[in-house]
Amino acid sequence: MTELEAQPIETLVERHDALHGVQEVRIPIPFGELAGKWWGPRNIRPIVCLHGWQDNAGTFDTLIPLLPKQMSFLAIDLPGHGYSSRIPHGMSYQPMNVFYLLNFVMNEYGWKKISLMSHSMGSVLQFAYAAVFPARVDFVISLDALKPQVLRDNVIVSMLSELTPEFIKADLRNQDKSEPPSYTYAETVDRLHQGAVNSITLEACPFLLQRNIRKSAKFPEKYYFARDSRLKYGQGFLWSQEVNIRLAQNLTMPFLFIKASDSPYWERKKNYDDVIEILQRNNADFELRHVEGTHHVHLSHPERVAPIITDFLKKYWQRDDDVVSKL
């Protein structure tokens, strides 16, 4: 075990946050609150950062310190992840809820515009949001995912029939309020590392684990994973490539897409290529860049993506002082 990995989770990540002046925020929503981490000046509108599936706001912990210091960033835990509230019992997580969630954030801080930088599932969500509400989005940065995945009809039907019973079981476990299985801290590092198929280095795991695990009430030296297990059984947008193509036509704001070399597409590559072609044809401010690395390259090797993002931000970021910080 490395020195970084062996340190107590509170010591490592809390010291990192203190070093960079990070402040925890809470944003009220109808079923609880959204949790987030605010980086940088509090008197200007931040770039909102959305994480990947079953990750959390900590996914940006190593990247943001390498970006311009005069800019602000607000990394959010999506519902059921990190420190944010879970949706009510008996409900399922739906990707289109992002339309409401981002509007809650904008209303909370009085923003007329929103800037977005997201990874994986977060990139998929912001693709849809920016295309549906293009006048509200001034620029988009997507890390290693671009658009909603397109599945064959038979796969969708099979997935719904298989996942729905598992979702019901997970929902009932939540209602029972029983504690999930617990592990030593070293075991949680290994489980995260192996579960991500080595996409996250051992050294980077603590930044996600900080918001992903809680101390066990049964075994004081152990931890359990606290994200909502119903998240495992979500189905995504489930719409067609024709819908993606129509949405892509609306994405005319500055748009940076960074693709990792060792990360899959999770569907036919042609579906990606068709959308890329539309963006390149219709959007003079669209940039496609490739970097060496895995799906979590922004977390495990942020130095590979930070210069690309910085160059993009220098071209398109504009300071917005018309913000009343509620921190």
# chains A, B, ... in the order shown; residues from 1 in each chain; ligands from 1
$ residues_around --residues "Trp39 of chain A" --least-positions-apart "4" --cutoff "7 Å" --atoms "only C-alpha atoms" --output "PyMOL selection string"
chain A and resi 21-23+72-74
$ residues_around --residues "Ser85 of chain A" --least-positions-apart "6" --cutoff "10 Å" --atoms "only C-alpha atoms" --output "VMD selection string"
chain A and resid 28 to 29 31 to 35 77 to 79 227 to 228
$ residues_around --residues "Lys113 of chain A" --least-positions-apart "3" --cutoff "8 Å" --atoms "only C-alpha atoms" --output "VMD selection string"
chain A and resid 106 135 to 138
$ closest_residue --among "A:Leu238, A:Lys215, A:Gly122, A:Ala248" --to "Asp273 of chain A" --atoms "only C-alpha atoms"
A:Ala248
$ select_by_dssp --residues "segment 120-224 of chain A" --states "alpha helix (DSSP H)" --output "number ranges by chain"
A: 121-132, 153-176, 185-195, 205-212
$ closest_residue --among "A:Leu160, A:Val243, A:Val275, A:Val297" --to "Thr201 of chain A" --atoms "only C-alpha atoms"
A:Val297
$ residues_around --residues "Leu313 of chain A" --least-positions-apart "6" --cutoff "12 Å" --atoms "only C-alpha atoms" --output "list in words"
Ile47, Leu67, Pro68, Lys69, Gln70, Met71, Ser72, Ser115, Leu116, Met117, Asp138, Phe139, Val140, Ile141, Pro254, Phe255, Leu256, Ala306, Pro307 and Arg319 of chain A
$ write_last_selection --atoms "all heavy atoms" --output "compact mmCIF listing (two decimals), in the first residue's frame"
# COMPACT_ATOMS: atom_id res chain seq x y z
N ILE A 47 -17.98 27.44 -12.75
CA ILE A 47 -18.24 26.40 -13.73
C ILE A 47 -18.80 25.20 -12.98
O ILE A 47 -18.18 24.72 -12.02
CB ILE A 47 -16.94 26.02 -14.47
CG1 ILE A 47 -16.40 27.24 -15.23
CG2 ILE A 47 -17.17 24.84 -15.42
CD1 ILE A 47 -14.97 27.08 -15.70
N LEU A 67 -6.22 24.06 -12.80
CA LEU A 67 -6.90 25.00 -13.70
C LEU A 67 -6.73 26.43 -13.19
O LEU A 67 -6.32 26.64 -12.05
CB LEU A 67 -8.37 24.60 -13.82
CG LEU A 67 -8.60 23.19 -14.37
CD1 LEU A 67 -10.09 22.86 -14.43
CD2 LEU A 67 -7.96 23.01 -15.75
N PRO A 68 -7.02 27.43 -14.02
CA PRO A 68 -6.77 28.83 -13.64
C PRO A 68 -7.38 29.22 -12.30
O PRO A 68 -8.57 28.97 -12.05
CB PRO A 68 -7.39 29.61 -14.80
CG PRO A 68 -7.28 28.69 -15.97
CD PRO A 68 -7.52 27.32 -15.41
N LYS A 69 -6.58 29.84 -11.46
CA LYS A 69 -6.99 30.15 -10.09
C LYS A 69 -8.02 31.28 -10.02
O LYS A 69 -8.72 31.41 -9.01
CB LYS A 69 -5.76 30.54 -9.25
CG LYS A 69 -4.73 29.44 -9.12
CD LYS A 69 -5.30 28.23 -8.37
CE LYS A 69 -4.23 27.18 -8.08
NZ LYS A 69 -3.80 26.47 -9.32
N GLN A 70 -8.11 32.13 -11.04
CA GLN A 70 -9.08 33.22 -11.00
C GLN A 70 -10.50 32.75 -11.31
O GLN A 70 -11.45 33.52 -11.19
CB GLN A 70 -8.68 34.34 -11.96
CG GLN A 70 -8.93 34.03 -13.44
CD GLN A 70 -7.75 33.34 -14.11
OE1 GLN A 70 -6.97 32.67 -13.44
NE2 GLN A 70 -7.63 33.50 -15.43
N MET A 71 -10.63 31.48 -11.68
CA MET A 71 -11.94 30.92 -12.01
C MET A 71 -12.48 30.12 -10.83
O MET A 71 -11.73 29.63 -10.00
CB MET A 71 -11.85 30.04 -13.24
CG MET A 71 -11.32 30.76 -14.47
SD MET A 71 -11.18 29.68 -15.92
CE MET A 71 -10.27 30.75 -17.04
N SER A 72 -13.80 30.01 -10.78
CA SER A 72 -14.46 29.23 -9.73
C SER A 72 -15.10 27.98 -10.34
O SER A 72 -15.50 27.98 -11.50
CB SER A 72 -15.54 30.07 -9.04
OG SER A 72 -14.98 31.17 -8.39
N SER A 115 -22.22 27.47 -16.96
CA SER A 115 -21.07 26.88 -17.65
C SER A 115 -20.90 25.46 -17.11
O SER A 115 -21.04 25.23 -15.90
CB SER A 115 -19.80 27.69 -17.37
OG SER A 115 -20.01 29.07 -17.60
N LEU A 116 -20.57 24.51 -17.99
CA LEU A 116 -20.58 23.10 -17.60
C LEU A 116 -19.28 22.40 -17.96
O LEU A 116 -18.76 22.55 -19.07
CB LEU A 116 -21.74 22.38 -18.28
CG LEU A 116 -23.14 22.86 -17.88
CD1 LEU A 116 -24.20 22.33 -18.84
CD2 LEU A 116 -23.46 22.42 -16.44
N MET A 117 -18.76 21.61 -16.99
CA MET A 117 -17.62 20.73 -17.23
C MET A 117 -17.90 19.42 -16.51
O MET A 117 -18.01 19.39 -15.29
CB MET A 117 -16.31 21.35 -16.70
CG MET A 117 -15.09 20.43 -16.90
SD MET A 117 -13.53 21.16 -16.32
CE MET A 117 -13.71 20.97 -14.53
N ASP A 138 -23.29 28.75 -21.66
CA ASP A 138 -22.32 29.54 -22.43
C ASP A 138 -21.17 28.69 -22.97
O ASP A 138 -20.58 29.04 -23.99
CB ASP A 138 -21.81 30.74 -21.65
CG ASP A 138 -21.29 30.40 -20.27
OD1 ASP A 138 -21.10 29.21 -19.98
OD2 ASP A 138 -21.05 31.34 -19.49
N PHE A 139 -20.82 27.58 -22.30
CA PHE A 139 -19.87 26.63 -22.90
C PHE A 139 -19.97 25.29 -22.21
O PHE A 139 -20.51 25.17 -21.10
CB PHE A 139 -18.42 27.16 -22.89
CG PHE A 139 -17.81 27.36 -21.54
CD1 PHE A 139 -17.35 26.29 -20.78
CD2 PHE A 139 -17.65 28.64 -21.02
CE1 PHE A 139 -16.77 26.48 -19.53
CE2 PHE A 139 -17.07 28.85 -19.78
CZ PHE A 139 -16.63 27.76 -19.04
N VAL A 140 -19.44 24.26 -22.88
CA VAL A 140 -19.51 22.88 -22.40
C VAL A 140 -18.13 22.24 -22.54
O VAL A 140 -17.48 22.37 -23.58
CB VAL A 140 -20.54 22.07 -23.22
CG1 VAL A 140 -20.48 20.59 -22.85
CG2 VAL A 140 -21.95 22.63 -23.02
N ILE A 141 -17.71 21.53 -21.48
CA ILE A 141 -16.49 20.71 -21.52
C ILE A 141 -16.89 19.29 -21.12
O ILE A 141 -17.38 19.07 -20.01
CB ILE A 141 -15.41 21.24 -20.57
CG1 ILE A 141 -15.03 22.68 -20.93
CG2 ILE A 141 -14.18 20.33 -20.59
CD1 ILE A 141 -14.13 23.35 -19.91
N PRO A 254 -19.49 27.18 -27.52
CA PRO A 254 -18.15 26.58 -27.43
C PRO A 254 -18.22 25.24 -26.70
O PRO A 254 -18.84 25.13 -25.64
CB PRO A 254 -17.35 27.61 -26.65
CG PRO A 254 -18.01 28.91 -26.99
CD PRO A 254 -19.48 28.60 -27.09
N PHE A 255 -17.58 24.22 -27.29
CA PHE A 255 -17.75 22.84 -26.80
C PHE A 255 -16.41 22.13 -26.96
O PHE A 255 -15.89 22.00 -28.06
CB PHE A 255 -18.83 22.16 -27.65
CG PHE A 255 -19.32 20.83 -27.13
CD1 PHE A 255 -20.66 20.49 -27.27
CD2 PHE A 255 -18.48 19.90 -26.53
CE1 PHE A 255 -21.15 19.27 -26.83
CE2 PHE A 255 -18.94 18.69 -26.08
CZ PHE A 255 -20.29 18.37 -26.22
N LEU A 256 -15.87 21.67 -25.84
CA LEU A 256 -14.63 20.89 -25.83
C LEU A 256 -14.95 19.46 -25.43
O LEU A 256 -15.54 19.22 -24.38
CB LEU A 256 -13.62 21.49 -24.84
CG LEU A 256 -12.35 20.66 -24.56
CD1 LEU A 256 -11.51 20.50 -25.83
CD2 LEU A 256 -11.54 21.29 -23.43
N ALA A 306 -5.49 18.95 -18.08
CA ALA A 306 -5.57 20.32 -17.57
C ALA A 306 -5.09 21.35 -18.58
O ALA A 306 -5.75 22.40 -18.75
CB ALA A 306 -4.79 20.44 -16.26
N PRO A 307 -3.96 21.15 -19.29
CA PRO A 307 -3.53 22.18 -20.25
C PRO A 307 -4.54 22.39 -21.38
O PRO A 307 -4.73 23.52 -21.85
CB PRO A 307 -2.21 21.62 -20.79
CG PRO A 307 -1.73 20.67 -19.74
CD PRO A 307 -2.96 20.06 -19.17
N ARG A 319 -15.62 36.37 -16.95
CA ARG A 319 -15.95 36.61 -15.55
C ARG A 319 -17.37 37.15 -15.44
O ARG A 319 -17.75 38.08 -16.16
CB ARG A 319 -14.95 37.60 -14.94
CG ARG A 319 -15.17 37.87 -13.46
CD ARG A 319 -14.23 38.94 -12.96
NE ARG A 319 -14.47 39.25 -11.56
CZ ARG A 319 -13.74 38.79 -10.56
NH1 ARG A 319 -12.70 38.02 -10.83
NH2 ARG A 319 -14.02 39.11 -9.31
$ residues_around --residues "Leu66 of chain A" --least-positions-apart "6" --cutoff "10 Å" --atoms "only C-alpha atoms" --output "list of chain:residue names"
A:Pro302, A:Glu303, A:Val305, A:Ala306, A:Pro307, A:Ile309, A:Thr310
$ write_last_selection --atoms "N, CA, C and O atoms" --output "CSV table (one decimal), in the first residue's frame"
chain,number,residue,atom,x,y,z
A,302,PRO,N,-4.4,14.0,-14.1
A,302,PRO,CA,-5.1,15.3,-14.5
A,302,PRO,C,-4.1,16.2,-15.3
A,302,PRO,O,-4.6,17.1,-16.1
A,303,GLU,N,-2.8,16.0,-15.2
A,303,GLU,CA,-1.9,16.8,-15.9
A,303,GLU,C,-2.0,16.6,-17.4
A,303,GLU,O,-1.5,17.5,-18.2
A,305,VAL,N,-4.9,16.4,-19.1
A,305,VAL,CA,-6.1,17.1,-19.6
A,305,VAL,C,-6.1,18.6,-19.2
A,305,VAL,O,-6.7,19.4,-19.9
A,306,ALA,N,-5.5,18.9,-18.1
A,306,ALA,CA,-5.6,20.3,-17.6
A,306,ALA,C,-5.1,21.4,-18.6
A,306,ALA,O,-5.7,22.4,-18.7
A,307,PRO,N,-4.0,21.1,-19.3
A,307,PRO,CA,-3.5,22.2,-20.3
A,307,PRO,C,-4.5,22.4,-21.4
A,307,PRO,O,-4.7,23.5,-21.8
A,309,ILE,N,-7.8,21.9,-21.2
A,309,ILE,CA,-9.0,22.7,-20.6
A,309,ILE,C,-8.6,24.1,-20.4
A,309,ILE,O,-9.4,25.0,-20.7
A,310,THR,N,-7.4,24.4,-19.9
A,310,THR,CA,-7.0,25.7,-19.6
A,310,THR,C,-7.0,26.6,-20.9
A,310,THR,O,-7.4,27.7,-20.9
$ closest_residue --among "A:Arg15, A:Lys147, A:Arg45, A:His20" --to "Gly236 of chain A" --atoms "only C-alpha atoms"
A:Lys147
$ atom_distance --atom1 "atom CA of Thr188 of chain A" --atom2 "atom CA of Ala260 of chain A"
25.5 Å
$ closest_residue --among "A:Val25, A:Val124, A:Val150, A:Val48" --to "Lys270 of chain A" --atoms "only C-alpha atoms"
A:Val150
$ atom_distance --atom1 "atom CA of Lys37 of chain A" --atom2 "atom CA of Lys112 of chain A"
20.8 Å
$ atom_distance --atom1 "atom CA of Ser123 of chain A" --atom2 "atom CA of Glu162 of chain A"
26.2 Å
$ select_by_dssp --residues "segment 31-134 of chain A" --states "strand (DSSP E or B)" --output "list in words"
Gly32, Glu33, Leu34, Ala35, Gly36, Lys37, Trp38, Trp39, Ile47, Val48, Cys49, Leu50, Phe73, Leu74, Ala75, Ile76, Asp77, Ile114, Ser115, Leu116, Met117, Ser118 and His119 of chain A
$ closest_residue --among "A:Tyr223, A:Phe312, A:Tyr272, A:Tyr129" --to "Ala186 of chain A" --atoms "only C-alpha atoms"
A:Tyr223
$ residues_around --residues "Leu125 of chain A" --least-positions-apart "3" --cutoff "10 Å" --atoms "only C-alpha atoms" --output "ChimeraX atom specification"
/A:50-52,95-99,118-122,128-130,145-148,236-237
$ residues_around --residues "Lys259 of chain A" --least-positions-apart "5" --cutoff "9 Å" --atoms "only C-alpha atoms" --output "MDAnalysis selection string"
chainID A and resid 142:146 288:293 295
$ closest_residue --among "A:Pro206, A:Pro41, A:Pro30, A:Gly80" --to "Glu14 of chain A" --atoms "only C-alpha atoms"
A:Pro206
